[in-house]
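Here's start-v1.csv, which has CSV, C-alpha atoms:
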```csv
chain,number,residue,atom,x,y,z
A,1,MET,CA,126.3,-137.5,149.2
A,2,LYS,CA,128.1,-134.5,150.6
A,3,PRO,CA,127.7,-132.4,147.4
A,4,LEU,CA,124.0,-133.2,147.4
A,5,MET,CA,123.6,-132.0,151.0
A,6,ARG,CA,125.5,-128.8,150.1
A,7,ILE,CA,123.1,-128.2,147.2
A,8,LEU,CA,120.1,-128.9,149.4
A,9,CYS,CA,121.4,-126.5,152.1
A,10,THR,CA,122.0,-123.8,149.5
A,11,LEU,CA,118.5,-124.1,148.1
A,12,LEU,CA,116.9,-124.0,151.6
A,13,THR,CA,119.0,-120.9,152.4
A,14,LEU,CA,117.9,-119.1,149.3
A,15,LEU,CA,114.3,-120.0,150.0
A,16,PHE,CA,114.6,-118.7,153.5
A,17,ILE,CA,116.2,-115.4,152.4
A,18,THR,CA,113.6,-114.7,149.7
A,19,SER,CA,110.8,-115.3,152.3
A,20,LEU,CA,112.1,-112.5,154.4
A,21,PRO,CA,110.9,-108.9,154.0
A,22,CYS,CA,114.4,-107.7,153.5
A,23,SER,CA,115.9,-109.2,150.4
A,24,ALA,CA,116.7,-107.6,147.1
A,25,ALA,CA,114.2,-107.4,144.3
A,26,ASP,CA,114.4,-109.0,140.9
A,27,LYS,CA,116.5,-106.9,138.5
A,28,ILE,CA,115.4,-105.3,135.2
A,29,ARG,CA,117.2,-104.5,132.0
A,30,SER,CA,115.6,-101.3,130.9
A,31,LEU,CA,115.2,-98.2,133.1
A,32,CYS,CA,113.3,-96.7,130.1
A,33,GLU,CA,110.3,-98.8,131.1
A,34,ILE,CA,110.0,-97.1,134.5
A,35,HIS,CA,107.7,-94.1,134.2
A,36,TYR,CA,107.8,-91.0,136.4
A,37,PRO,CA,105.3,-88.1,136.5
A,38,THR,CA,108.1,-85.6,135.4
A,39,ASP,CA,109.2,-87.7,132.4
A,40,TYR,CA,106.9,-85.7,130.1
A,41,LEU,CA,108.8,-82.5,130.8
A,42,TYR,CA,111.9,-83.7,129.0
A,43,GLU,CA,112.8,-85.2,125.6
A,44,TRP,CA,114.9,-88.2,126.0
A,45,ASP,CA,116.2,-91.2,124.1
A,46,CYS,CA,116.5,-94.8,125.3
A,47,VAL,CA,120.2,-95.8,125.0
A,48,LYS,CA,121.6,-99.3,125.6
A,49,VAL,CA,124.9,-99.1,127.6
A,50,THR,CA,127.8,-101.0,126.1
A,51,SER,CA,131.0,-102.3,127.8
A,52,LYS,CA,132.9,-99.2,126.4
A,53,ASP,CA,130.4,-96.7,127.9
A,54,SER,CA,130.6,-94.8,131.2
A,55,PRO,CA,128.3,-92.2,132.8
A,56,TYR,CA,130.7,-89.4,131.6
A,57,LYS,CA,130.7,-90.8,128.0
A,58,ILE,CA,126.9,-90.9,127.9
A,59,PHE,CA,125.9,-87.8,129.8
A,60,GLY,CA,129.1,-85.7,129.6
A,61,LYS,CA,130.0,-83.2,132.3
A,62,GLN,CA,126.4,-83.6,133.7
A,63,TRP,CA,126.9,-87.3,134.4
A,64,ARG,CA,125.6,-86.8,138.0
A,65,ASP,CA,122.4,-85.3,136.7
A,66,GLY,CA,122.1,-88.1,134.2
A,67,LEU,CA,122.4,-90.7,136.9
A,68,ARG,CA,119.9,-88.8,139.1
A,69,PHE,CA,117.5,-88.7,136.1
A,70,ASN,CA,117.7,-92.5,136.0
A,71,ARG,CA,117.6,-92.9,139.8
A,72,MET,CA,120.8,-95.0,139.7
A,73,ASP,CA,124.5,-95.0,140.8
A,74,ARG,CA,127.7,-95.7,138.9
A,75,ARG,CA,128.0,-99.3,139.9
A,76,HIS,CA,124.8,-100.2,138.2
A,77,PHE,CA,125.7,-98.4,135.0
A,78,LEU,CA,126.4,-101.7,133.3
A,79,ALA,CA,126.6,-103.1,129.8
A,80,GLY,CA,123.2,-104.3,128.6
A,81,MET,CA,121.3,-101.8,130.7
A,82,SER,CA,119.1,-99.3,128.8
A,83,VAL,CA,119.0,-95.8,130.3
A,84,LYS,CA,117.1,-92.6,129.6
A,85,VAL,CA,119.4,-89.9,128.0
A,86,PRO,CA,117.9,-86.4,127.7
A,87,LYS,CA,118.3,-84.9,124.3
A,88,HIS,CA,119.2,-81.6,125.9
A,89,MET,CA,121.3,-82.2,129.0
A,90,GLU,CA,121.0,-78.6,130.1
A,91,ASP,CA,117.3,-79.2,130.7
A,92,ILE,CA,118.1,-81.5,133.7
A,93,LYS,CA,120.9,-79.4,135.3
A,94,GLU,CA,120.7,-80.1,139.1
A,95,PHE,CA,117.8,-82.4,138.4
A,96,ASN,CA,115.2,-82.5,141.1
A,97,PRO,CA,111.5,-83.5,140.7
A,98,MET,CA,110.5,-82.7,144.3
A,99,PRO,CA,108.4,-79.6,145.0
A,100,PRO,CA,110.5,-76.6,146.3
A,101,LEU,CA,107.7,-75.9,148.8
A,102,TYR,CA,105.7,-78.5,150.8
A,103,TYR,CA,103.1,-76.7,152.7
A,104,GLU,CA,102.0,-79.7,154.8
A,105,ALA,CA,105.4,-79.5,156.4
A,106,GLU,CA,105.5,-75.7,157.1
A,107,LYS,CA,105.3,-76.3,160.9
A,108,GLU,CA,107.9,-79.1,160.9
A,109,PRO,CA,111.6,-78.0,161.5
A,110,GLN,CA,112.6,-81.2,159.6
A,111,LEU,CA,110.6,-83.5,157.4
A,112,ILE,CA,111.6,-86.2,154.9
A,113,LEU,CA,109.1,-86.6,152.0
A,114,ILE,CA,109.5,-89.8,150.0
A,115,ASP,CA,107.7,-89.9,146.7
A,116,GLN,CA,107.7,-93.5,145.5
A,117,ASN,CA,106.1,-92.5,142.2
A,118,GLU,CA,109.2,-90.3,141.4
A,119,MET,CA,111.5,-92.6,143.4
A,120,PHE,CA,113.0,-89.4,145.0
A,121,LEU,CA,113.4,-88.0,148.5
A,122,GLY,CA,113.2,-84.5,149.6
A,123,ALA,CA,114.4,-83.0,153.0
A,124,TYR,CA,112.4,-80.0,154.1
A,125,GLU,CA,112.8,-77.3,156.8
A,126,PHE,CA,109.5,-75.7,157.7
A,127,GLY,CA,108.2,-76.6,154.3
A,128,THR,CA,111.2,-75.5,152.2
A,129,LEU,CA,113.2,-78.0,150.2
A,130,VAL,CA,116.9,-78.0,151.3
A,131,PHE,CA,118.1,-81.4,149.9
A,132,SER,CA,116.9,-84.0,147.4
A,133,ALA,CA,118.1,-87.3,146.2
A,134,PRO,CA,117.0,-90.4,144.1
A,135,VAL,CA,116.2,-93.5,146.2
A,136,ALA,CA,115.6,-97.2,145.9
A,137,VAL,CA,112.2,-98.1,147.3
A,138,GLY,CA,110.5,-101.4,148.2
A,139,VAL,CA,109.2,-104.1,145.8
A,140,GLU,CA,105.5,-104.2,145.4
A,141,GLU,CA,104.6,-107.1,147.7
A,142,TYR,CA,106.6,-105.8,150.7
A,143,ARG,CA,106.3,-102.0,150.2
A,144,LEU,CA,105.5,-100.2,153.4
A,145,LYS,CA,102.1,-98.6,153.5
A,146,ASN,CA,102.0,-94.9,152.5
A,147,GLY,CA,101.6,-92.6,155.5
A,148,SER,CA,103.2,-90.6,158.2
A,149,TYR,CA,106.2,-91.9,160.3
A,150,ARG,CA,109.1,-90.4,162.3
A,151,VAL,CA,112.7,-91.2,162.7
A,152,ASP,CA,113.2,-92.7,166.2
A,153,SER,CA,116.7,-94.3,166.1
A,154,VAL,CA,119.9,-93.6,164.2
A,155,ASP,CA,123.1,-95.5,163.5
A,156,PRO,CA,125.9,-94.2,161.3
A,157,VAL,CA,127.5,-97.7,161.0
A,158,HIS,CA,124.4,-99.9,161.0
A,159,GLU,CA,124.9,-103.3,159.5
A,160,SER,CA,123.1,-106.7,159.3
A,161,SER,CA,123.7,-109.3,162.0
A,162,LEU,CA,122.3,-112.1,159.8
A,163,PHE,CA,123.3,-111.6,156.1
A,164,PRO,CA,126.9,-111.2,154.8
A,165,VAL,CA,128.1,-109.3,151.8
A,166,GLU,CA,127.8,-111.7,148.8
A,167,GLY,CA,130.9,-113.9,148.6
A,168,THR,CA,132.3,-112.8,152.0
A,169,ASP,CA,131.7,-113.2,155.7
A,170,ARG,CA,131.4,-109.5,156.3
A,171,PRO,CA,128.0,-108.3,157.7
A,172,TYR,CA,126.0,-106.4,155.1
A,173,PRO,CA,126.4,-102.6,155.6
A,174,MET,CA,123.4,-100.3,156.1
A,175,HIS,CA,125.4,-97.2,157.0
A,176,TYR,CA,123.9,-93.8,157.9
A,177,GLY,CA,120.8,-95.6,159.0
A,178,LEU,CA,117.7,-93.6,160.1
A,179,ARG,CA,115.0,-96.0,161.5
A,180,PHE,CA,111.5,-94.6,161.0
A,181,TYR,CA,109.1,-97.5,161.7
A,182,VAL,CA,109.0,-100.8,163.6
A,183,ASP,CA,106.2,-103.2,162.7
A,184,LYS,CA,105.4,-105.1,165.9
A,185,LYS,CA,102.5,-107.1,164.5
A,186,ASP,CA,104.4,-110.2,163.6
A,187,ASP,CA,106.3,-112.6,166.0
A,188,GLY,CA,109.6,-111.1,164.7
A,189,TRP,CA,109.5,-107.3,164.6
A,190,THR,CA,110.3,-105.8,161.3
A,191,SER,CA,112.0,-102.4,161.1
A,192,TYR,CA,112.3,-100.0,158.3
A,193,TRP,CA,115.3,-97.7,157.7
A,194,ILE,CA,116.5,-95.0,155.4
A,195,HIS,CA,120.1,-96.0,154.8
A,196,GLY,CA,123.0,-96.1,152.4
A,197,ARG,CA,123.1,-98.8,149.7
A,198,ASP,CA,123.4,-99.5,146.0
A,199,LEU,CA,121.0,-97.6,143.8
A,200,PRO,CA,120.0,-99.8,140.8
A,201,GLY,CA,117.3,-97.5,139.3
A,202,TYR,CA,114.3,-99.6,140.2
A,203,PRO,CA,112.5,-100.9,143.3
A,204,ALA,CA,115.0,-103.1,145.1
A,205,SER,CA,114.1,-103.5,148.8
A,206,HIS,CA,111.4,-104.9,151.0
A,207,GLY,CA,110.4,-101.6,152.6
A,208,CYS,CA,113.6,-99.7,153.4
A,209,ILE,CA,114.6,-96.6,151.5
A,210,GLY,CA,118.1,-96.5,150.1
A,211,LEU,CA,120.3,-93.7,149.1
A,212,THR,CA,123.8,-93.7,147.4
A,213,ASP,CA,126.8,-94.5,149.6
A,214,GLU,CA,129.9,-94.8,147.4
A,215,GLU,CA,132.2,-94.9,150.5
A,216,MET,CA,130.6,-98.2,151.5
A,217,GLN,CA,130.8,-99.5,147.9
A,218,LEU,CA,134.5,-98.8,147.8
A,219,ALA,CA,135.1,-100.4,151.2
A,220,TYR,CA,133.0,-103.5,150.4
A,221,TYR,CA,133.3,-103.9,146.6
A,222,GLY,CA,136.5,-102.0,145.7
A,223,GLU,CA,134.7,-99.5,143.5
A,224,PRO,CA,134.3,-96.7,142.5
A,225,ALA,CA,137.9,-95.7,143.2
A,226,LYS,CA,136.9,-92.1,144.2
A,227,PRO,CA,133.6,-92.0,146.1
A,228,LEU,CA,131.5,-89.0,145.0
A,229,LEU,CA,127.9,-89.9,145.4
A,230,MET,CA,127.1,-89.7,149.2
A,231,ASP,CA,123.4,-88.9,149.5
A,232,ALA,CA,122.9,-91.2,152.5
A,233,LYS,CA,125.7,-89.4,154.4
A,234,THR,CA,124.4,-86.0,153.5
A,235,LEU,CA,120.8,-86.8,154.7
A,236,TYR,CA,122.1,-88.4,157.9
A,237,ARG,CA,124.2,-85.4,158.8
A,238,TRP,CA,121.2,-83.1,158.1
A,239,ALA,CA,118.8,-85.3,160.2
A,240,VAL,CA,121.1,-85.9,163.2
A,241,GLY,CA,123.4,-82.8,163.2
A,242,SER,CA,125.3,-82.2,166.4
A,243,ARG,CA,123.4,-84.9,168.2
A,244,ASP,CA,125.5,-87.6,166.4
A,245,THR,CA,127.5,-89.7,168.8
A,246,GLY,CA,129.0,-92.0,166.1
A,247,ARG,CA,127.1,-94.9,167.7
A,248,PRO,CA,123.5,-96.3,167.6
A,249,GLN,CA,121.1,-94.2,169.7
A,250,ARG,CA,117.4,-93.5,170.2
A,251,LEU,CA,116.6,-90.1,168.9
A,252,ARG,CA,113.5,-88.2,167.9
A,253,GLY,CA,114.3,-87.2,164.4
A,254,PRO,CA,112.5,-85.8,161.3
A,255,ALA,CA,109.0,-86.6,160.4
A,256,VAL,CA,108.7,-89.0,157.4
A,257,ILE,CA,106.0,-89.0,154.8
A,258,ILE,CA,105.7,-91.8,152.2
A,259,MET,CA,103.5,-91.3,149.2
A,260,GLY,CA,102.9,-92.7,145.7
A,261,GLU,CA,103.8,-96.0,144.0
A,262,PRO,CA,106.5,-96.7,141.5
A,263,GLN,CA,105.4,-97.4,137.9
A,264,VAL,CA,107.2,-100.5,136.9
A,265,PRO,CA,105.6,-102.8,134.3
A,266,PRO,CA,105.7,-106.4,135.8
A,267,ASP,CA,106.8,-107.9,132.5
A,268,GLN,CA,110.0,-105.8,132.8
A,269,LEU,CA,111.1,-107.6,135.9
A,270,ARG,CA,113.9,-110.0,134.8
A,271,PRO,CA,117.3,-111.1,136.0
A,272,LEU,CA,120.4,-109.1,135.1
A,273,ALA,CA,123.9,-110.3,136.0
A,274,GLU,CA,125.3,-107.5,138.3
A,275,PRO,CA,126.6,-107.0,141.8
A,276,ALA,CA,124.0,-107.6,144.5
A,277,ALA,CA,122.3,-104.5,145.9
A,278,ALA,CA,122.1,-103.9,149.7
A,279,PRO,CA,118.7,-104.9,151.1
A,280,PRO,CA,116.8,-103.4,154.1
A,281,ALA,CA,116.6,-104.7,157.7
A,282,GLN,CA,114.6,-106.5,160.4
A,283,VAL,CA,114.8,-105.6,164.1
A,284,GLY,CA,113.8,-108.1,166.8
A,285,PRO,CA,112.3,-107.2,170.2
A,286,SER,CA,115.8,-106.8,171.6
A,287,GLY,CA,116.5,-104.1,169.0
A,288,ARG,CA,119.1,-106.2,167.3
A,289,ALA,CA,119.0,-106.0,163.5
A,290,PRO,CA,119.2,-109.6,162.2
A,291,GLY,CA,118.9,-108.9,158.5
A,292,PRO,CA,120.1,-106.3,155.9
```

Mind turning the file's structure into structure tokens?
Amino acid sequence: MKPLMRILCTLLTLLFITSLPCSAADKIRSLCEIHYPTDYLYEWDCVKVTSKDSPYKIFGKQWRDGLRFNRMDRRHFLAGMSVKVPKHMEDIKEFNPMPPLYYEAEKEPQLILIDQNEMFLGAYEFGTLVFSAPVAVGVEEYRLKNGSYRVDSVDPVHESSLFPVEGTDRPYPMHYGLRFYVDKKDDGWTSYWIHGRDLPGYPASHGCIGLTDEEMQLAYYGEPAKPLLMDAKTLYRWAVGSRDTGRPQRLRGPAVIIMGEPQVPPDQLRPLAEPAAAPPAQVGPSGRAPGP
């Protein structure tokens, strides 16, 4: 009877988690099926990754550009995944699909533009791009409405108070968190953050915006051995600057604009055995974040 009860509890837990607006999305096998507006600017082949491949072996010295081109991190460069490989790698040197000037932001000292169609983020100072990075965005049914928001709270060591890292009892990390919206319509308030997480190369959250955080991946998953991709940390330092206290705080931060929709064919959503990606978070009326 006890094994049956354990199975029932597990099923109920999974049902509960998938009903929340903060769990990870289904996974896909081919990033070649995700279409971006800038794809037509480059010639590329669709290459299936093998167990002997690495980002360096596939993309060479421009492996970072290759990962940016696919909107993914090193942990998700897995055997069985198909990725886009430019025929001329020099064409994507310092790859960035965001506009160098964003005139709507010319009066804003700091503005974060999130283009979900490109699955990229741009940081602007008075309309001039100063930083860009690939992002993980929300799955369709929970994607936050396009529009204008503003960072109102920050937390460099934000973590879930409800969900643990898979297979452990450690709270799920959402480091370098920038909260930009709290939905107070429901009984339980739902908050939306820009924060560090895994970057699988496709929509993977229920509204939060994720950037690479390999320091977190090393601490929680034991890889990669040498953290190099730290976009969440870079954006956090830019947004908070000298106001950072190292602790959670209310703070009037950059304006945030969300636009576009990712182009992911529904028939490409299918399971892929790989490490779980970090999901977004909820915040209750007390300000406590009960979920990742």

Residue with smallest distance to Tyr102 (chain A) - pool A:Leu41, A:Val157, A:Ala136, A:Ala123, counting only C-alpha atoms: A:Ala123

One number please: CA of Gly127 (chain A) to CA of Val240 (chain A), in Å, one decimal.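 One can read the CA of Gly127 (chain A) to CA of Val240 (chain A) distance as 18.2 Å.
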
For Val85 (chain A), which residue out of A:Gly60, A:Pro99, A:Gly260, A:Gly167 is the nearest one, using only C-alpha atoms?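 Checking each candidate against Val85 (chain A), we get A:Gly60 as the closest.
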
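Closest approach to Gly147 (chain A) from the set A:Gly196, A:Ser160, A:Val165, A:Ile112 is made by A:Ile112, with distances taken over all atoms listed in the file.
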
A:Glu125, A:Met81, A:Ile28, A:Phe69: which is nearest Thr50 (chain A), counting only C-alpha atoms?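 Using only C-alpha atoms, the shortest distance to Thr50 (chain A) belongs to A:Met81.
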